[in-house]
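Asks: Before anything else, here's the structure in question.
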Amino acid sequence: MTTTVPAIDTRTAEGSALQAVLLDMDGTLVDTEGFWWDVECEVFAGLGHTLDDSWRHVVVGGPMSRSAGFLIEATGADITLAELTVLLNQGFEDRIARTLPLMPGAARLLAELAAHEIPTALVSASHRRIIDRVLGTLGPQYFALTVAGDEVARTKPHPDPYLFAAAGLGADPARCAVVEDTATGVAAAEAAGCHVVAVPSVAPIAPAARRTVVDSLERVDLAFLRGLLN
């Protein structure tokens, strides 16, 4: 993972207290939440099981250990968590090798943050092998730090990934803006003390204190993120 950036000021020239921007990956920057569900359905079909569509909201956005474990328990499939993890990661890699669509507004936002030298981190529950594949499309140059779900002791919905990212960027979590698409990710960011922009991808997310909900990443730019902390 990349871990070092220059020391940053607590305020920008425009007077914002924003110190860093922390971005989720699946469903936030890349349109892949549906990929995971499709792969899960295919893998379990191969095991002789059909997944209930209502389970999609249970497994979205969380660590693979939680989502895969839930599906094993729900279906009674004869497979270990370790075996299933390998199949799911491989199936997902095969999918993104064929196509990896960005969410509308993602490329523009990353370019704007880079142009203004805003310290930016990618914080995902996906494993490192998946993040590194996706970075080839997103552009590793846009991120001073990337945090994978298999690199922290506790991943989302725990605050650890966002606390780790903020520390790695030398930023106060309370001065960080997080962009997330699931309730699991939002919970992690809020537990870390960050300001959150939720752009729901699969299930609705309600507004709350320190949480702003928008319907598209196209609504989010640097001025918007700075405004969260003013």
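Starting from 1 in every chain, residues are counted up; chains themselves are A, B, ... following the order of the structure tokens, and ligands are numbered from 1 as listed.
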Write out as a PyMOL selection string each polymer residue whose atoms come within 6 Å of stretch 141-156 of chain A, counting only C-alpha atoms; drop sequence neighbours fewer than 2 positions from it.

Replies: chain A and resi 1-3+120-128+139+158+161+185+188

Asks: Restrict the selected residues to all heavy atoms and save them as an mmCIF file, in the first residue's frame.

Replies:
```cif
data_model
loop_
_atom_site.group_PDB
_atom_site.id
_atom_site.type_symbol
_atom_site.label_atom_id
_atom_site.label_comp_id
_atom_site.auth_asym_id
_atom_site.auth_seq_id
_atom_site.Cartn_x
_atom_site.Cartn_y
_atom_site.Cartn_z
ATOM 1 N N MET A 1 0.851 -1.193 0.000
ATOM 2 C CA MET A 1 0.000 0.000 0.000
ATOM 3 C C MET A 1 0.884 1.239 0.000
ATOM 4 O O MET A 1 2.017 1.199 0.461
ATOM 5 C CB MET A 1 -0.924 0.006 1.229
ATOM 6 C CG MET A 1 -0.205 0.261 2.530
ATOM 7 S SD MET A 1 -1.302 0.253 3.974
ATOM 8 C CE MET A 1 -1.573 -1.498 4.142
ATOM 9 N N THR A 2 0.391 2.336 -0.522
ATOM 10 C CA THR A 2 1.125 3.594 -0.429
ATOM 11 C C THR A 2 0.752 4.255 0.875
ATOM 12 O O THR A 2 -0.396 4.210 1.303
ATOM 13 C CB THR A 2 0.773 4.517 -1.609
ATOM 14 O OG1 THR A 2 -0.646 4.631 -1.689
ATOM 15 C CG2 THR A 2 1.315 3.945 -2.901
ATOM 16 N N THR A 3 1.742 4.874 1.524
ATOM 17 C CA THR A 3 1.449 5.328 2.885
ATOM 18 C C THR A 3 1.947 6.718 3.220
ATOM 19 O O THR A 3 1.657 7.218 4.293
ATOM 20 C CB THR A 3 2.064 4.362 3.903
ATOM 21 O OG1 THR A 3 3.475 4.266 3.670
ATOM 22 C CG2 THR A 3 1.446 2.988 3.814
ATOM 23 N N THR A 120 -5.767 12.214 -0.833
ATOM 24 C CA THR A 120 -6.898 11.343 -1.133
ATOM 25 C C THR A 120 -6.512 9.887 -0.904
ATOM 26 O O THR A 120 -5.420 9.462 -1.276
ATOM 27 C CB THR A 120 -7.352 11.527 -2.593
ATOM 28 O OG1 THR A 120 -7.705 12.904 -2.797
ATOM 29 C CG2 THR A 120 -8.554 10.669 -2.916
ATOM 30 N N ALA A 121 -7.420 9.133 -0.280
ATOM 31 C CA ALA A 121 -7.185 7.713 -0.041
ATOM 32 C C ALA A 121 -8.346 6.891 -0.575
ATOM 33 O O ALA A 121 -9.497 7.332 -0.578
ATOM 34 C CB ALA A 121 -6.998 7.436 1.451
ATOM 35 N N LEU A 122 -8.032 5.699 -1.032
ATOM 36 C CA LEU A 122 -9.040 4.711 -1.430
ATOM 37 C C LEU A 122 -9.176 3.731 -0.270
ATOM 38 O O LEU A 122 -8.187 3.127 0.158
ATOM 39 C CB LEU A 122 -8.593 3.985 -2.697
ATOM 40 C CG LEU A 122 -9.591 2.996 -3.309
ATOM 41 C CD1 LEU A 122 -10.787 3.748 -3.879
ATOM 42 C CD2 LEU A 122 -8.914 2.172 -4.399
ATOM 43 N N VAL A 123 -10.393 3.581 0.252
ATOM 44 C CA VAL A 123 -10.621 2.755 1.441
ATOM 45 C C VAL A 123 -11.718 1.747 1.119
ATOM 46 O O VAL A 123 -12.889 2.106 1.003
ATOM 47 C CB VAL A 123 -11.021 3.621 2.652
ATOM 48 C CG1 VAL A 123 -11.168 2.758 3.898
ATOM 49 C CG2 VAL A 123 -9.993 4.730 2.889
ATOM 50 N N SER A 124 -11.336 0.478 0.960
ATOM 51 C CA SER A 124 -12.276 -0.534 0.487
ATOM 52 C C SER A 124 -12.279 -1.759 1.381
ATOM 53 O O SER A 124 -11.268 -2.105 1.998
ATOM 54 C CB SER A 124 -11.902 -0.945 -0.947
ATOM 55 O OG SER A 124 -12.731 -1.985 -1.420
ATOM 56 N N ALA A 125 -13.420 -2.449 1.422
ATOM 57 C CA ALA A 125 -13.499 -3.735 2.108
ATOM 58 C C ALA A 125 -13.007 -4.864 1.214
ATOM 59 O O ALA A 125 -12.827 -5.992 1.675
ATOM 60 C CB ALA A 125 -14.936 -4.013 2.559
ATOM 61 N N SER A 126 -12.784 -4.573 -0.066
ATOM 62 C CA SER A 126 -12.265 -5.587 -0.984
ATOM 63 C C SER A 126 -10.823 -5.939 -0.640
ATOM 64 O O SER A 126 -10.110 -5.147 -0.018
ATOM 65 C CB SER A 126 -12.334 -5.085 -2.434
ATOM 66 O OG SER A 126 -13.667 -5.003 -2.878
ATOM 67 N N HIS A 127 -10.405 -7.115 -1.074
ATOM 68 C CA HIS A 127 -9.046 -7.559 -0.797
ATOM 69 C C HIS A 127 -8.034 -6.822 -1.673
ATOM 70 O O HIS A 127 -8.373 -6.260 -2.720
ATOM 71 C CB HIS A 127 -8.933 -9.069 -1.028
ATOM 72 C CG HIS A 127 -9.642 -9.886 0.010
ATOM 73 N ND1 HIS A 127 -9.556 -11.257 0.077
ATOM 74 C CD2 HIS A 127 -10.451 -9.521 1.048
ATOM 75 C CE1 HIS A 127 -10.277 -11.707 1.091
ATOM 76 N NE2 HIS A 127 -10.835 -10.677 1.687
ATOM 77 N N ARG A 128 -6.768 -6.846 -1.236
ATOM 78 C CA ARG A 128 -5.707 -6.143 -1.950
ATOM 79 C C ARG A 128 -5.615 -6.558 -3.412
ATOM 80 O O ARG A 128 -5.416 -5.723 -4.285
ATOM 81 C CB ARG A 128 -4.373 -6.402 -1.227
ATOM 82 C CG ARG A 128 -3.117 -5.953 -1.961
ATOM 83 C CD ARG A 128 -3.136 -4.495 -2.388
ATOM 84 N NE ARG A 128 -3.369 -3.599 -1.265
ATOM 85 C CZ ARG A 128 -3.528 -2.287 -1.403
ATOM 86 N NH1 ARG A 128 -3.509 -1.724 -2.613
ATOM 87 N NH2 ARG A 128 -3.730 -1.522 -0.342
ATOM 88 N N GLY A 139 -6.626 4.657 -11.800
ATOM 89 C CA GLY A 139 -5.422 5.488 -11.827
ATOM 90 C C GLY A 139 -4.782 5.560 -10.461
ATOM 91 O O GLY A 139 -5.275 6.300 -9.593
ATOM 92 N N HIS A 158 -16.551 -1.485 11.060
ATOM 93 C CA HIS A 158 -15.711 -0.919 12.112
ATOM 94 C C HIS A 158 -14.974 0.315 11.581
ATOM 95 O O HIS A 158 -14.724 0.435 10.378
ATOM 96 C CB HIS A 158 -14.711 -1.966 12.595
ATOM 97 C CG HIS A 158 -15.358 -3.173 13.195
ATOM 98 N ND1 HIS A 158 -15.958 -3.152 14.430
ATOM 99 C CD2 HIS A 158 -15.513 -4.434 12.722
ATOM 100 C CE1 HIS A 158 -16.448 -4.352 14.697
ATOM 101 N NE2 HIS A 158 -16.197 -5.144 13.678
ATOM 102 N N PRO A 161 -10.565 1.003 9.168
ATOM 103 C CA PRO A 161 -10.005 1.391 7.868
ATOM 104 C C PRO A 161 -9.913 2.905 7.682
ATOM 105 O O PRO A 161 -8.922 3.407 7.144
ATOM 106 C CB PRO A 161 -10.975 0.770 6.862
ATOM 107 C CG PRO A 161 -11.648 -0.333 7.599
ATOM 108 C CD PRO A 161 -11.758 0.145 9.007
ATOM 109 N N GLY A 185 -20.479 0.987 4.925
ATOM 110 C CA GLY A 185 -19.387 1.935 4.787
ATOM 111 C C GLY A 185 -19.647 3.227 5.530
ATOM 112 O O GLY A 185 -18.740 3.804 6.146
ATOM 113 N N ALA A 188 -18.928 2.794 9.177
ATOM 114 C CA ALA A 188 -17.492 2.798 9.458
ATOM 115 C C ALA A 188 -16.943 4.210 9.494
ATOM 116 O O ALA A 188 -16.186 4.590 10.393
ATOM 117 C CB ALA A 188 -16.755 1.972 8.399
#
```

Asks: Please list as number ranges by chain every residue within 9 Å of stretch 40-48 of chain A, counting only C-alpha atoms and excluding residues in the same chain fewer than 6 positions away.

Replies: A: 68, 71-72, 75, 77-79, 84, 87-88, 91

Asks: Selected residues, C-alpha atoms, written as a compact mmCIF listing (two decimals), in the first residue's frame, please.

Replies:
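Final output, saved to out_33.txt:
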```txt
# COMPACT_ATOMS: atom_id res chain seq x y z
CA ALA A 68 -19.67 -15.09 2.31
CA LEU A 71 -24.48 -16.96 2.33
CA ILE A 72 -22.95 -20.25 3.46
CA THR A 75 -27.92 -21.80 1.91
CA ALA A 77 -23.76 -24.97 1.02
CA ASP A 78 -21.01 -27.54 1.52
CA ILE A 79 -18.04 -25.20 1.20
CA LEU A 84 -15.64 -19.63 -1.16
CA LEU A 87 -14.02 -18.56 -5.87
CA LEU A 88 -15.62 -15.16 -5.31
CA GLY A 91 -15.03 -14.67 -10.34
```

Asks: Restricting the calculation to only C-alpha atoms: of A:Ile205, A:Leu23, A:Val214, A:Ala183, which residue gets closest to A:Leu109?

Replies: A:Leu23

Asks: Name the residues in contact with A:Leu222 at a cut-off of 9 Å, using only C-alpha atoms, excluding same-chain residues fewer than 6 positions from it; report them as a list of chain:residue names.

Replies: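 Near A:Leu222, the qualifying residues are A:Leu109, A:Glu112, A:Leu113, A:His116, A:Ile118.
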
Asks: In Å to one decimal, how far is atom CA of A:Thr85 from atom CA of A:Asp52?

Replies: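 Interatomic distance here is 19.4 Å.
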
Asks: Between A:Val197, A:Ala192, A:Leu102, A:Cys176, which is the closest to A:Asp160 once you count only C-alpha atoms?

Replies: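 Of all the options, A:Ala192 lies closest to A:Asp160.
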
Asks: Name the closest residue to A:Leu138 among the candidates A:Ala107, A:Val213, A:Leu228, A:Ala114; distances are taken between atoms, counting only C-alpha atoms.

Replies: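 Going through A:Ala107, A:Val213, A:Leu228, A:Ala114 one by one, the smallest distance to A:Leu138 is for A:Ala107.
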
Asks: Go through chain A and collect every residue that DSSP, computed from the backbone, puts in strand (DSSP E); the answer should be as number ranges by chain.

Replies: A: 20-23, 120-123, 145-147, 176-180, 195-198, 211-213

Asks: Restricting the calculation to only C-alpha atoms, which member of A:Glu190, A:Glu180, A:Asp221, A:Glu83 is positioned closest to A:Ala208?

Replies: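 Nearest to A:Ala208: A:Glu190.
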
Asks: Distance atom CA of A:Arg219-atom CA of A:Val21, one decimal place?

Replies: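 Answer for the atom CA of A:Arg219 to atom CA of A:Val21 separation: 15.5 Å.
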
Asks: I need the residue nearest A:Ala191 from this list: A:Ile131, A:Val59, A:Ala106, A:Val178. Use only C-alpha atoms for the distance.

Replies: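 Once distances to A:Ala191 are computed over only C-alpha atoms, the minimum belongs to A:Val178.
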
Asks: Atom CA of A:Ala17 to atom CA of A:Gly168: how many Å, to one decimal?

Replies: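 Here the two named atoms are 17.9 Å from each other.
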
Asks: Using only C-alpha atoms, which residues sit within 10 Å of stretch 27-31 of chain A once same-chain residues fewer than 4 positions away are excluded, as a list in words?

Replies: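 What passes the distance filter is Leu23, Phe35, Val60, Gly61, Leu100, Pro101, Leu102, Met103, Pro104, Gly105, Ala106, Ala107, Leu109, Leu110, Leu122, Val134, Thr137, Leu138, Val179, Glu180, Asp181, Thr182, Ala198, Val199, Pro200, Ser201, Val202, Ser216 and Leu217 of chain A.
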